[in-house]
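Trainee: As input, take final_2.pdb (PDB, C-alpha atoms):
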```pdb
ATOM      1  CA  LEU Z 691       1.451  23.460  10.063  1.00  0.00           C
ATOM      2  CA  PHE Z 692       2.466  20.021  11.265  1.00  0.00           C
ATOM      3  CA  GLY Z 693      -0.988  18.475  11.333  1.00  0.00           C
ATOM      4  CA  ASN Z 694      -1.520  15.580   8.941  1.00  0.00           C
ATOM      5  CA  VAL Z 695      -2.000  16.470   5.277  1.00  0.00           C
ATOM      6  CA  ALA Z 696      -5.585  15.320   5.032  1.00  0.00           C
ATOM      7  CA  ASP Z 697      -7.088  15.967   1.651  1.00  0.00           C
ATOM      8  CA  VAL Z 698      -7.018  17.856  -1.614  1.00  0.00           C
ATOM      9  CA  ALA Z 699      -9.496  20.673  -1.939  1.00  0.00           C
ATOM     10  CA  THR Z 700     -11.507  20.883  -5.130  1.00  0.00           C
ATOM     11  CA  SER Z 701      -9.529  23.995  -5.949  1.00  0.00           C
ATOM     12  CA  GLY Z 702      -6.390  21.866  -6.115  1.00  0.00           C
ATOM     13  CA  ILE Z 703      -4.903  23.460  -2.963  1.00  0.00           C
ATOM     14  CA  TRP Z 704      -3.229  21.305  -0.321  1.00  0.00           C
ATOM     15  CA  TYR Z 705      -4.447  21.933   3.207  1.00  0.00           C
ATOM     16  CA  TYR Z 706      -3.861  20.501   6.668  1.00  0.00           C
ATOM     17  CA  ASP Z 707      -6.180  18.757   9.065  1.00  0.00           C
ATOM     18  CA  GLU Z 708      -6.691  20.461  12.411  1.00  0.00           C
ATOM     19  CA  GLU Z 709      -6.262  17.163  14.264  1.00  0.00           C
ATOM     20  CA  SER Z 710      -2.810  16.750  15.769  1.00  0.00           C
ATOM     21  CA  THR Z 711      -0.772  13.810  14.468  1.00  0.00           C
ATOM     22  CA  PRO Z 712       2.960  12.967  14.682  1.00  0.00           C
ATOM     23  CA  ILE Z 713       5.164  15.572  13.051  1.00  0.00           C
ATOM     24  CA  GLU Z 714       7.064  12.954  11.108  1.00  0.00           C
ATOM     25  CA  ASP Z 715       3.854  11.840   9.382  1.00  0.00           C
ATOM     26  CA  ALA Z 716       3.256  15.340   8.057  1.00  0.00           C
ATOM     27  CA  LEU Z 717       6.853  15.755   6.965  1.00  0.00           C
ATOM     28  CA  SER Z 718       6.863  12.348   5.299  1.00  0.00           C
ATOM     29  CA  PHE Z 719       3.640  13.166   3.483  1.00  0.00           C
ATOM     30  CA  ILE Z 720       5.105  16.430   2.203  1.00  0.00           C
ATOM     31  CA  LEU Z 721       8.300  14.688   1.092  1.00  0.00           C
ATOM     32  CA  GLY Z 722       6.225  12.070  -0.700  1.00  0.00           C
ATOM     33  CA  ILE Z 723       4.361  14.572  -2.861  1.00  0.00           C
ATOM     34  CA  GLU Z 724       5.852  14.684  -6.336  1.00  0.00           C
ATOM     35  CA  GLY Z 725       6.487  18.167  -7.654  1.00  0.00           C
ATOM     36  CA  ASP Z 726       4.818  17.451 -10.975  1.00  0.00           C
ATOM     37  CA  ILE Z 727       1.502  16.378  -9.435  1.00  0.00           C
ATOM     38  CA  LYS Z 728      -0.959  19.166 -10.136  1.00  0.00           C
ATOM     39  CA  TYR Z 729      -4.716  18.898  -9.755  1.00  0.00           C
ATOM     40  CA  LYS Z 730      -7.389  21.367 -10.697  1.00  0.00           C
ATOM     41  CA  GLY Z 731     -10.657  20.180  -9.291  1.00  0.00           C
ATOM     42  CA  CYS Z 732     -11.405  16.811 -10.885  1.00  0.00           C
ATOM     43  CA  ASP Z 733      -9.204  17.327 -13.946  1.00  0.00           C
ATOM     44  CA  LYS Z 734      -6.718  14.731 -12.734  1.00  0.00           C
ATOM     45  CA  GLU Z 735      -4.329  12.669 -14.812  1.00  0.00           C
ATOM     46  CA  PHE Z 736      -4.479   9.584 -12.618  1.00  0.00           C
ATOM     47  CA  SER Z 737      -6.348   8.604  -9.471  1.00  0.00           C
ATOM     48  CA  LEU Z 738      -6.968   5.550  -7.317  1.00  0.00           C
ATOM     49  CA  SER Z 739      -9.960   4.075  -5.573  1.00  0.00           C
ATOM     50  CA  ASN Z 740      -9.560   2.598  -2.107  1.00  0.00           C
ATOM     51  CA  PRO Z 741      -8.154  -0.963  -2.402  1.00  0.00           C
ATOM     52  CA  VAL Z 742     -10.196  -2.225   0.567  1.00  0.00           C
ATOM     53  CA  GLY Z 743     -13.514  -0.485  -0.164  1.00  0.00           C
ATOM     54  CA  VAL Z 744     -14.599   3.133   0.178  1.00  0.00           C
ATOM     55  CA  GLU Z 745     -15.151   2.919   3.945  1.00  0.00           C
ATOM     56  CA  ALA Z 746     -11.793   1.359   4.827  1.00  0.00           C
ATOM     57  CA  GLN Z 747      -9.131   3.552   6.390  1.00  0.00           C
ATOM     58  CA  SER Z 748      -5.357   3.138   6.418  1.00  0.00           C
ATOM     59  CA  ASN Z 749      -4.006   2.436   9.903  1.00  0.00           C
ATOM     60  CA  SER Z 750      -0.371   2.968   8.945  1.00  0.00           C
ATOM     61  CA  SER Z 751       0.569   5.733   6.540  1.00  0.00           C
ATOM     62  CA  TYR Z 752       3.417   6.372   4.125  1.00  0.00           C
ATOM     63  CA  GLY Z 753       6.410   7.871   5.892  1.00  0.00           C
ATOM     64  CA  PHE Z 754       9.429   7.402   8.104  1.00  0.00           C
ATOM     65  CA  ARG Z 755       8.886   5.448  11.312  1.00  0.00           C
ATOM     66  CA  ASP Z 756      10.417   2.902  13.663  1.00  0.00           C
ATOM     67  CA  LEU Z 757       9.086  -0.259  12.052  1.00  0.00           C
ATOM     68  CA  ASP Z 758      11.040  -2.837  14.051  1.00  0.00           C
ATOM     69  CA  GLY Z 759      11.067  -1.233  17.497  1.00  0.00           C
ATOM     70  CA  ASP Z 760      14.841  -0.747  17.382  1.00  0.00           C
ATOM     71  CA  GLY Z 761      14.761   3.062  17.469  1.00  0.00           C
ATOM     72  CA  VAL Z 762      15.778   3.426  13.806  1.00  0.00           C
ATOM     73  CA  ALA Z 763      13.375   5.298  11.533  1.00  0.00           C
ATOM     74  CA  VAL Z 764      13.016   3.785   8.071  1.00  0.00           C
ATOM     75  CA  LEU Z 765      10.661   4.554   5.214  1.00  0.00           C
ATOM     76  CA  HIS Z 766       7.342   2.748   5.313  1.00  0.00           C
ATOM     77  CA  ASP Z 767       6.788   3.048   1.581  1.00  0.00           C
ATOM     78  CA  GLY Z 768       3.072   2.366   1.385  1.00  0.00           C
ATOM     79  CA  LEU Z 769      -0.236   2.257   3.232  1.00  0.00           C
ATOM     80  CA  ASP Z 770      -1.348  -0.533   5.560  1.00  0.00           C
ATOM     81  CA  PHE Z 771      -5.023  -1.437   5.831  1.00  0.00           C
ATOM     82  CA  ALA Z 772      -5.728  -3.691   8.827  1.00  0.00           C
ATOM     83  CA  ALA Z 773      -8.798  -5.870   8.322  1.00  0.00           C
ATOM     84  CA  PRO Z 774      -9.920  -9.430   9.079  1.00  0.00           C
ATOM     85  CA  ARG Z 775      -8.536 -12.258   6.982  1.00  0.00           C
ATOM     86  CA  GLY Z 776     -10.668 -12.817   3.887  1.00  0.00           C
ATOM     87  CA  VAL Z 777     -11.831  -9.215   3.406  1.00  0.00           C
ATOM     88  CA  PRO Z 778     -11.892  -8.403  -0.352  1.00  0.00           C
ATOM     89  CA  VAL Z 779      -9.034  -6.484  -1.962  1.00  0.00           C
ATOM     90  CA  TYR Z 780      -9.844  -4.480  -5.085  1.00  0.00           C
ATOM     91  CA  ALA Z 781      -7.852  -3.093  -8.005  1.00  0.00           C
ATOM     92  CA  SER Z 782      -7.334   0.609  -7.322  1.00  0.00           C
ATOM     93  CA  ALA Z 783      -7.224   1.373 -11.043  1.00  0.00           C
ATOM     94  CA  ALA Z 784      -7.686  -0.471 -14.316  1.00  0.00           C
ATOM     95  CA  GLY Z 785      -4.655  -2.231 -15.715  1.00  0.00           C
ATOM     96  CA  LYS Z 786      -2.772  -5.439 -16.474  1.00  0.00           C
ATOM     97  CA  ILE Z 787      -1.664  -7.980 -13.878  1.00  0.00           C
ATOM     98  CA  VAL Z 788       2.129  -8.238 -14.213  1.00  0.00           C
ATOM     99  CA  GLU Z 789       2.741 -10.303 -11.048  1.00  0.00           C
ATOM    100  CA  ALA Z 790       0.497 -12.756  -9.222  1.00  0.00           C
ATOM    101  CA  VAL Z 791       2.084 -14.932  -6.515  1.00  0.00           C
ATOM    102  CA  SER Z 792      -0.229 -17.246  -4.603  1.00  0.00           C
ATOM    103  CA  LYS Z 793       1.984 -20.038  -3.215  1.00  0.00           C
ATOM    104  CA  CYS Z 794       2.666 -18.628   0.276  1.00  0.00           C
ATOM    105  CA  GLU Z 795       1.262 -19.952   3.548  1.00  0.00           C
ATOM    106  CA  GLU Z 796       0.965 -17.956   6.765  1.00  0.00           C
ATOM    107  CA  LEU Z 797       3.710 -18.696   9.279  1.00  0.00           C
ATOM    108  CA  ARG Z 798       1.126 -19.752  11.852  1.00  0.00           C
ATOM    109  CA  LYS Z 799       0.396 -22.795   9.685  1.00  0.00           C
ATOM    110  CA  PHE Z 800       3.976 -23.914  10.419  1.00  0.00           C
ATOM    111  CA  GLY Z 801       3.478 -23.367  14.146  1.00  0.00           C
ATOM    112  CA  ILE Z 802       5.405 -20.066  14.081  1.00  0.00           C
ATOM    113  CA  ILE Z 803       4.033 -17.064  15.988  1.00  0.00           C
ATOM    114  CA  PRO Z 804       4.969 -14.065  13.791  1.00  0.00           C
ATOM    115  CA  THR Z 805       6.318 -11.586  16.335  1.00  0.00           C
ATOM    116  CA  THR Z 806       8.660  -8.800  15.227  1.00  0.00           C
ATOM    117  CA  SER Z 807      11.688 -10.578  16.715  1.00  0.00           C
ATOM    118  CA  THR Z 808      10.740 -13.892  15.091  1.00  0.00           C
ATOM    119  CA  LEU Z 809      10.302 -12.260  11.690  1.00  0.00           C
ATOM    120  CA  LYS Z 810      13.694 -10.540  11.967  1.00  0.00           C
ATOM    121  CA  ARG Z 811      15.361 -13.846  12.847  1.00  0.00           C
ATOM    122  CA  LEU Z 812      13.726 -15.626   9.899  1.00  0.00           C
ATOM    123  CA  ALA Z 813      14.667 -12.771   7.564  1.00  0.00           C
ATOM    124  CA  ASP Z 814      18.298 -12.845   8.732  1.00  0.00           C
ATOM    125  CA  SER Z 815      18.467 -16.605   8.141  1.00  0.00           C
ATOM    126  CA  GLY Z 816      16.822 -16.435   4.711  1.00  0.00           C
ATOM    127  CA  ASP Z 817      14.127 -18.899   5.766  1.00  0.00           C
ATOM    128  CA  PRO Z 818      12.139 -19.962   2.648  1.00  0.00           C
ATOM    129  CA  LYS Z 819       8.893 -19.983   4.647  1.00  0.00           C
ATOM    130  CA  LEU Z 820       9.294 -16.197   4.866  1.00  0.00           C
ATOM    131  CA  PHE Z 821      10.920 -15.562   1.468  1.00  0.00           C
ATOM    132  CA  CYS Z 822       8.054 -17.121  -0.491  1.00  0.00           C
ATOM    133  CA  GLY Z 823       6.855 -14.101  -2.468  1.00  0.00           C
ATOM    134  CA  PRO Z 824       8.340 -12.662  -5.658  1.00  0.00           C
ATOM    135  CA  PRO Z 825      12.078 -13.501  -5.930  1.00  0.00           C
ATOM    136  CA  GLY Z 826      14.199 -11.730  -3.323  1.00  0.00           C
ATOM    137  CA  THR Z 827      11.246 -10.511  -1.246  1.00  0.00           C
ATOM    138  CA  TYR Z 828       9.312 -11.576   1.823  1.00  0.00           C
ATOM    139  CA  ASN Z 829       6.100  -9.954   0.593  1.00  0.00           C
ATOM    140  CA  GLY Z 830       4.052 -13.145   0.740  1.00  0.00           C
ATOM    141  CA  ASN Z 831       1.228 -13.559  -1.738  1.00  0.00           C
ATOM    142  CA  THR Z 832       1.453 -10.605  -4.089  1.00  0.00           C
ATOM    143  CA  VAL Z 833      -0.354  -8.849  -6.916  1.00  0.00           C
ATOM    144  CA  ILE Z 834       1.176  -6.091  -9.043  1.00  0.00           C
ATOM    145  CA  ILE Z 835      -0.921  -4.151 -11.542  1.00  0.00           C
ATOM    146  CA  GLU Z 836       0.563  -2.064 -14.350  1.00  0.00           C
ATOM    147  CA  HIS Z 837      -1.475   1.045 -15.171  1.00  0.00           C
ATOM    148  CA  GLU Z 838      -1.283   3.890 -17.665  1.00  0.00           C
ATOM    149  CA  GLN Z 839       1.417   6.597 -17.588  1.00  0.00           C
ATOM    150  CA  GLY Z 840       4.047   4.410 -15.915  1.00  0.00           C
ATOM    151  CA  PHE Z 841       2.081   3.774 -12.704  1.00  0.00           C
ATOM    152  CA  LYS Z 842       2.007   0.434 -10.885  1.00  0.00           C
ATOM    153  CA  THR Z 843       0.210  -0.654  -7.720  1.00  0.00           C
ATOM    154  CA  LEU Z 844       1.459  -3.367  -5.366  1.00  0.00           C
ATOM    155  CA  TYR Z 845      -0.720  -5.450  -3.032  1.00  0.00           C
ATOM    156  CA  ILE Z 846       1.059  -7.784  -0.588  1.00  0.00           C
ATOM    157  CA  HIS Z 847       0.593 -10.141   2.401  1.00  0.00           C
ATOM    158  CA  LEU Z 848      -2.520 -11.475   0.647  1.00  0.00           C
ATOM    159  CA  ASP Z 849      -4.369 -14.674   1.512  1.00  0.00           C
ATOM    160  CA  THR Z 850      -6.188 -15.799  -1.653  1.00  0.00           C
ATOM    161  CA  VAL Z 851      -5.138 -14.384  -5.039  1.00  0.00           C
ATOM    162  CA  LEU Z 852      -7.984 -14.350  -7.563  1.00  0.00           C
ATOM    163  CA  VAL Z 853      -6.159 -13.137 -10.694  1.00  0.00           C
ATOM    164  CA  LYS Z 854      -3.452 -14.428 -13.022  1.00  0.00           C
ATOM    165  CA  LYS Z 855      -0.453 -12.796 -14.655  1.00  0.00           C
ATOM    166  CA  GLY Z 856      -1.415 -11.177 -17.953  1.00  0.00           C
ATOM    167  CA  GLN Z 857      -5.058 -10.664 -16.987  1.00  0.00           C
ATOM    168  CA  GLN Z 858      -6.725  -7.280 -17.534  1.00  0.00           C
ATOM    169  CA  VAL Z 859      -8.705  -5.904 -14.585  1.00  0.00           C
ATOM    170  CA  GLU Z 860     -11.020  -2.947 -14.104  1.00  0.00           C
ATOM    171  CA  GLN Z 861     -10.942  -0.416 -11.282  1.00  0.00           C
ATOM    172  CA  GLY Z 862     -12.874  -1.834  -8.329  1.00  0.00           C
ATOM    173  CA  GLU Z 863     -12.638  -5.446  -9.499  1.00  0.00           C
ATOM    174  CA  GLN Z 864     -11.792  -7.906  -6.712  1.00  0.00           C
ATOM    175  CA  ILE Z 865      -8.277  -9.304  -7.130  1.00  0.00           C
ATOM    176  CA  ALA Z 866      -7.560 -10.986  -3.776  1.00  0.00           C
ATOM    177  CA  THR Z 867      -8.417 -11.254  -0.094  1.00  0.00           C
ATOM    178  CA  ILE Z 868      -6.559  -9.875   2.909  1.00  0.00           C
ATOM    179  CA  GLY Z 869      -4.155 -12.224   4.676  1.00  0.00           C
ATOM    180  CA  SER Z 870      -0.918 -12.282   6.650  1.00  0.00           C
ATOM    181  CA  THR Z 871       1.614 -14.036   4.419  1.00  0.00           C
ATOM    182  CA  GLY Z 872       5.274 -13.083   4.273  1.00  0.00           C
ATOM    183  CA  TYR Z 873       6.760 -10.549   6.705  1.00  0.00           C
ATOM    184  CA  SER Z 874       3.553  -9.784   8.565  1.00  0.00           C
ATOM    185  CA  THR Z 875       2.464  -9.984  12.207  1.00  0.00           C
ATOM    186  CA  GLY Z 876      -1.276  -9.947  11.473  1.00  0.00           C
ATOM    187  CA  PRO Z 877      -3.885  -9.718   8.707  1.00  0.00           C
ATOM    188  CA  HIS Z 878      -3.581  -6.531   6.656  1.00  0.00           C
ATOM    189  CA  LEU Z 879      -3.013  -5.219   3.149  1.00  0.00           C
ATOM    190  CA  HIS Z 880       0.214  -3.385   2.397  1.00  0.00           C
ATOM    191  CA  PHE Z 881      -0.439  -1.180  -0.637  1.00  0.00           C
ATOM    192  CA  GLU Z 882       2.152   0.729  -2.676  1.00  0.00           C
ATOM    193  CA  LEU Z 883       2.157   3.024  -5.681  1.00  0.00           C
ATOM    194  CA  SER Z 884       5.088   3.586  -8.028  1.00  0.00           C
ATOM    195  CA  LYS Z 885       5.662   5.707 -11.099  1.00  0.00           C
ATOM    196  CA  ASP Z 886       8.385   4.852 -13.605  1.00  0.00           C
ATOM    197  CA  GLY Z 887       9.888   2.463 -11.071  1.00  0.00           C
ATOM    198  CA  LYS Z 888       9.985   4.933  -8.161  1.00  0.00           C
ATOM    199  CA  VAL Z 889       7.804   4.301  -5.111  1.00  0.00           C
ATOM    200  CA  ILE Z 890       5.724   7.389  -4.273  1.00  0.00           C
ATOM    201  CA  ASN Z 891       3.108   8.361  -1.699  1.00  0.00           C
ATOM    202  CA  PRO Z 892      -0.290   6.956  -2.815  1.00  0.00           C
ATOM    203  CA  THR Z 893      -2.391   9.043  -0.432  1.00  0.00           C
ATOM    204  CA  PRO Z 894      -2.881  12.132  -2.655  1.00  0.00           C
ATOM    205  CA  TYR Z 895      -4.120   9.951  -5.505  1.00  0.00           C
ATOM    206  CA  ILE Z 896      -6.669   8.159  -3.328  1.00  0.00           C
ATOM    207  CA  LYS Z 897      -7.825  11.440  -1.754  1.00  0.00           C
ATOM    208  CA  VAL Z 898      -8.407  13.014  -5.158  1.00  0.00           C
ATOM    209  CA  ALA Z 899     -10.365   9.967  -6.275  1.00  0.00           C
ATOM    210  CA  LYS Z 900     -12.608  10.243  -3.231  1.00  0.00           C
ATOM    211  CA  LYS Z 901     -13.154  13.972  -3.788  1.00  0.00           C
ATOM    212  CA  CYS Z 902     -14.131  13.337  -7.388  1.00  0.00           C
ATOM    213  CA  ASP Z 903     -16.282  10.290  -6.606  1.00  0.00           C
ATOM    214  CA  VAL Z 904     -14.255   8.011  -8.847  1.00  0.00           C
TER     215      VAL Z 904
END
```
Please go through the file and, once you have read it, give me the structure as structure tokens.
Mentor:
Amino acid sequence: LFGNVADVATSGIWYYDEESTPIEDALSFILGIEGDIKYKGCDKEFSLSNPVGVEAQSNSSYGFRDLDGDGVAVLHDGLDFAAPRGVPVYASAAGKIVEAVSKCEELRKFGIIPTTSTLKRLADSGDPKLFCGPPGTYNGNTVIIEHEQGFKTLYIHLDTVLVKKGQQVEQGEQIATIGSTGYSTGPHLHFELSKDGKVINPTPYIKVAKKCDV
């Protein structure tokens, strides 16, 4: 039962992978599934393509985990895709760019090695080199896309941002490249999905898109 929730069958039934993974990942996945999400084959209301290409895999899933190494489990409210700096980032669905921040520099350019302890110290002090993303965040270079039905996708820690606020983009269109700006120890994309302002687990939406060859 506690294997990772791996995919959505074409019948619309949730099933579990046989590979063993941490119990908290499975529980977090289950808790992240919204009760009103119902799929019947490919008759889906909304789905996402992979933001880092169809072959990329998330190396850090949505769920509760010890993010800072202090023994306290907190919600990691998105998916992390580790990849080399400069790898293209794509819009997971068509929509309108409602945020595009591109002013941030990686901490290494200031001679700062971004370890977990260093990032925590900078965050506690409110250092502007870290808090350079959207106001009140340390997300680094950021893109937010507004989609249909109240959905939004968030892409952070970017290097180069290729879009502007107000621009319309299509699913699969390149919007940025992977970087390590903001609160980040190495190049990766942190990707989130929200609906009506509430962050939800994006994995089921991406899995359905892959099943249906979107």
Trainee: May I ask which of the residues Z:Leu820, Z:Ala773, Z:Ala866, Z:Leu738 is the closest one to Pro894 of chain Z, counting all atoms listed in the file?
Mentor: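 Between Z:Leu820, Z:Ala773, Z:Ala866, Z:Leu738, the residue approaching Pro894 of chain Z most closely is Z:Leu738.
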Trainee: Report the residues retrieved by the PyMOL selection byres ((chain Z and resi 870-879) around 10) from the displayed file, expressed as an mmCIF file with C-alpha atoms, in the coordinates of the input.
Mentor:
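Output (out_19.cif):
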```
data_model
loop_
_atom_site.group_PDB
_atom_site.id
_atom_site.type_symbol
_atom_site.label_atom_id
_atom_site.label_comp_id
_atom_site.auth_asym_id
_atom_site.auth_seq_id
_atom_site.Cartn_x
_atom_site.Cartn_y
_atom_site.Cartn_z
ATOM 1 C CA PRO Z 741 -8.154 -0.963 -2.402
ATOM 2 C CA VAL Z 742 -10.196 -2.225 0.567
ATOM 3 C CA SER Z 748 -5.357 3.138 6.418
ATOM 4 C CA ASN Z 749 -4.006 2.436 9.903
ATOM 5 C CA GLY Z 768 3.072 2.366 1.385
ATOM 6 C CA LEU Z 769 -0.236 2.257 3.232
ATOM 7 C CA ASP Z 770 -1.348 -0.533 5.560
ATOM 8 C CA PHE Z 771 -5.023 -1.437 5.831
ATOM 9 C CA ALA Z 772 -5.728 -3.691 8.827
ATOM 10 C CA ALA Z 773 -8.798 -5.870 8.322
ATOM 11 C CA PRO Z 774 -9.920 -9.430 9.079
ATOM 12 C CA ARG Z 775 -8.536 -12.258 6.982
ATOM 13 C CA GLY Z 776 -10.668 -12.817 3.887
ATOM 14 C CA VAL Z 777 -11.831 -9.215 3.406
ATOM 15 C CA VAL Z 779 -9.034 -6.484 -1.962
ATOM 16 C CA SER Z 792 -0.229 -17.246 -4.603
ATOM 17 C CA LYS Z 793 1.984 -20.038 -3.215
ATOM 18 C CA CYS Z 794 2.666 -18.628 0.276
ATOM 19 C CA GLU Z 795 1.262 -19.952 3.548
ATOM 20 C CA GLU Z 796 0.965 -17.956 6.765
ATOM 21 C CA LEU Z 797 3.710 -18.696 9.279
ATOM 22 C CA ARG Z 798 1.126 -19.752 11.852
ATOM 23 C CA ILE Z 803 4.033 -17.064 15.988
ATOM 24 C CA PRO Z 804 4.969 -14.065 13.791
ATOM 25 C CA THR Z 805 6.318 -11.586 16.335
ATOM 26 C CA THR Z 806 8.660 -8.800 15.227
ATOM 27 C CA THR Z 808 10.740 -13.892 15.091
ATOM 28 C CA LEU Z 809 10.302 -12.260 11.690
ATOM 29 C CA LYS Z 810 13.694 -10.540 11.967
ATOM 30 C CA LEU Z 812 13.726 -15.626 9.899
ATOM 31 C CA ALA Z 813 14.667 -12.771 7.564
ATOM 32 C CA PRO Z 818 12.139 -19.962 2.648
ATOM 33 C CA LYS Z 819 8.893 -19.983 4.647
ATOM 34 C CA LEU Z 820 9.294 -16.197 4.866
ATOM 35 C CA PHE Z 821 10.920 -15.562 1.468
ATOM 36 C CA CYS Z 822 8.054 -17.121 -0.491
ATOM 37 C CA GLY Z 823 6.855 -14.101 -2.468
ATOM 38 C CA THR Z 827 11.246 -10.511 -1.246
ATOM 39 C CA TYR Z 828 9.312 -11.576 1.823
ATOM 40 C CA ASN Z 829 6.100 -9.954 0.593
ATOM 41 C CA GLY Z 830 4.052 -13.145 0.740
ATOM 42 C CA ASN Z 831 1.228 -13.559 -1.738
ATOM 43 C CA THR Z 832 1.453 -10.605 -4.089
ATOM 44 C CA LEU Z 844 1.459 -3.367 -5.366
ATOM 45 C CA TYR Z 845 -0.720 -5.450 -3.032
ATOM 46 C CA ILE Z 846 1.059 -7.784 -0.588
ATOM 47 C CA HIS Z 847 0.593 -10.141 2.401
ATOM 48 C CA LEU Z 848 -2.520 -11.475 0.647
ATOM 49 C CA ASP Z 849 -4.369 -14.674 1.512
ATOM 50 C CA THR Z 867 -8.417 -11.254 -0.094
ATOM 51 C CA ILE Z 868 -6.559 -9.875 2.909
ATOM 52 C CA GLY Z 869 -4.155 -12.224 4.676
ATOM 53 C CA HIS Z 880 0.214 -3.385 2.397
ATOM 54 C CA PHE Z 881 -0.439 -1.180 -0.637
ATOM 55 C CA GLU Z 882 2.152 0.729 -2.676
#
```
Trainee: Could you give me the centre and size, in Å to one decimal, of an axis-aligned box around all listed atoms of segment 855-866 of chain Z with 4 Å added on every side, as JSON?
Mentor:
```
{"center_x": -6.7, "center_y": -6.6, "center_z": -10.9, "size_x": 20.4, "size_y": 20.4, "size_z": 22.2}
```
Trainee: Residue by residue, what does the PyMOL selection byres ((chain Z and resi 858) around 10) grab here? Present the result as a VMD selection string.
Mentor: chain Z and resid 784 to 788 835 to 836 853 to 857 859 to 860
Trainee: Would you kindly return, as a list of chain:residue names, each protein, DNA or RNA residue with an atom no farther than 10 Å from any atom of Gly887 of chain Z, considering all atoms listed in the file and excluding same-chain residues fewer than 5 positions away?
Mentor: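 The residues satisfying every condition are Z:Gly840, Z:Phe841, Z:Lys842.
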Trainee: So which one's closest to Asn740 of chain Z, Z:Ser884, Z:Ser815, Z:Thr850, Z:Thr843? Using all atoms listed in the file, please.
Mentor: Z:Thr843
Trainee: Using all atoms listed in the file, can you tell me which of Z:Gly743, Z:Lys799, Z:Gly826, Z:His837 comes closest to Lys885 of chain Z?
Mentor: Z:His837
Trainee: Measuring atom to atom with all atoms listed in the file, identify which of Z:Ile834, Z:Val889, Z:Val851, Z:Pro825 is nearest to Glu789 of chain Z.
Mentor: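 Under the stated criterion, the closest residue is Z:Ile834.
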Trainee: Quick check, in Å to one decimal: how far apart do atom CA of Val791 of chain Z and atom CA of Gln864 of chain Z lie?
Mentor: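 Interatomic distance, atom CA of Val791 of chain Z to atom CA of Gln864 of chain Z: 15.6 Å.
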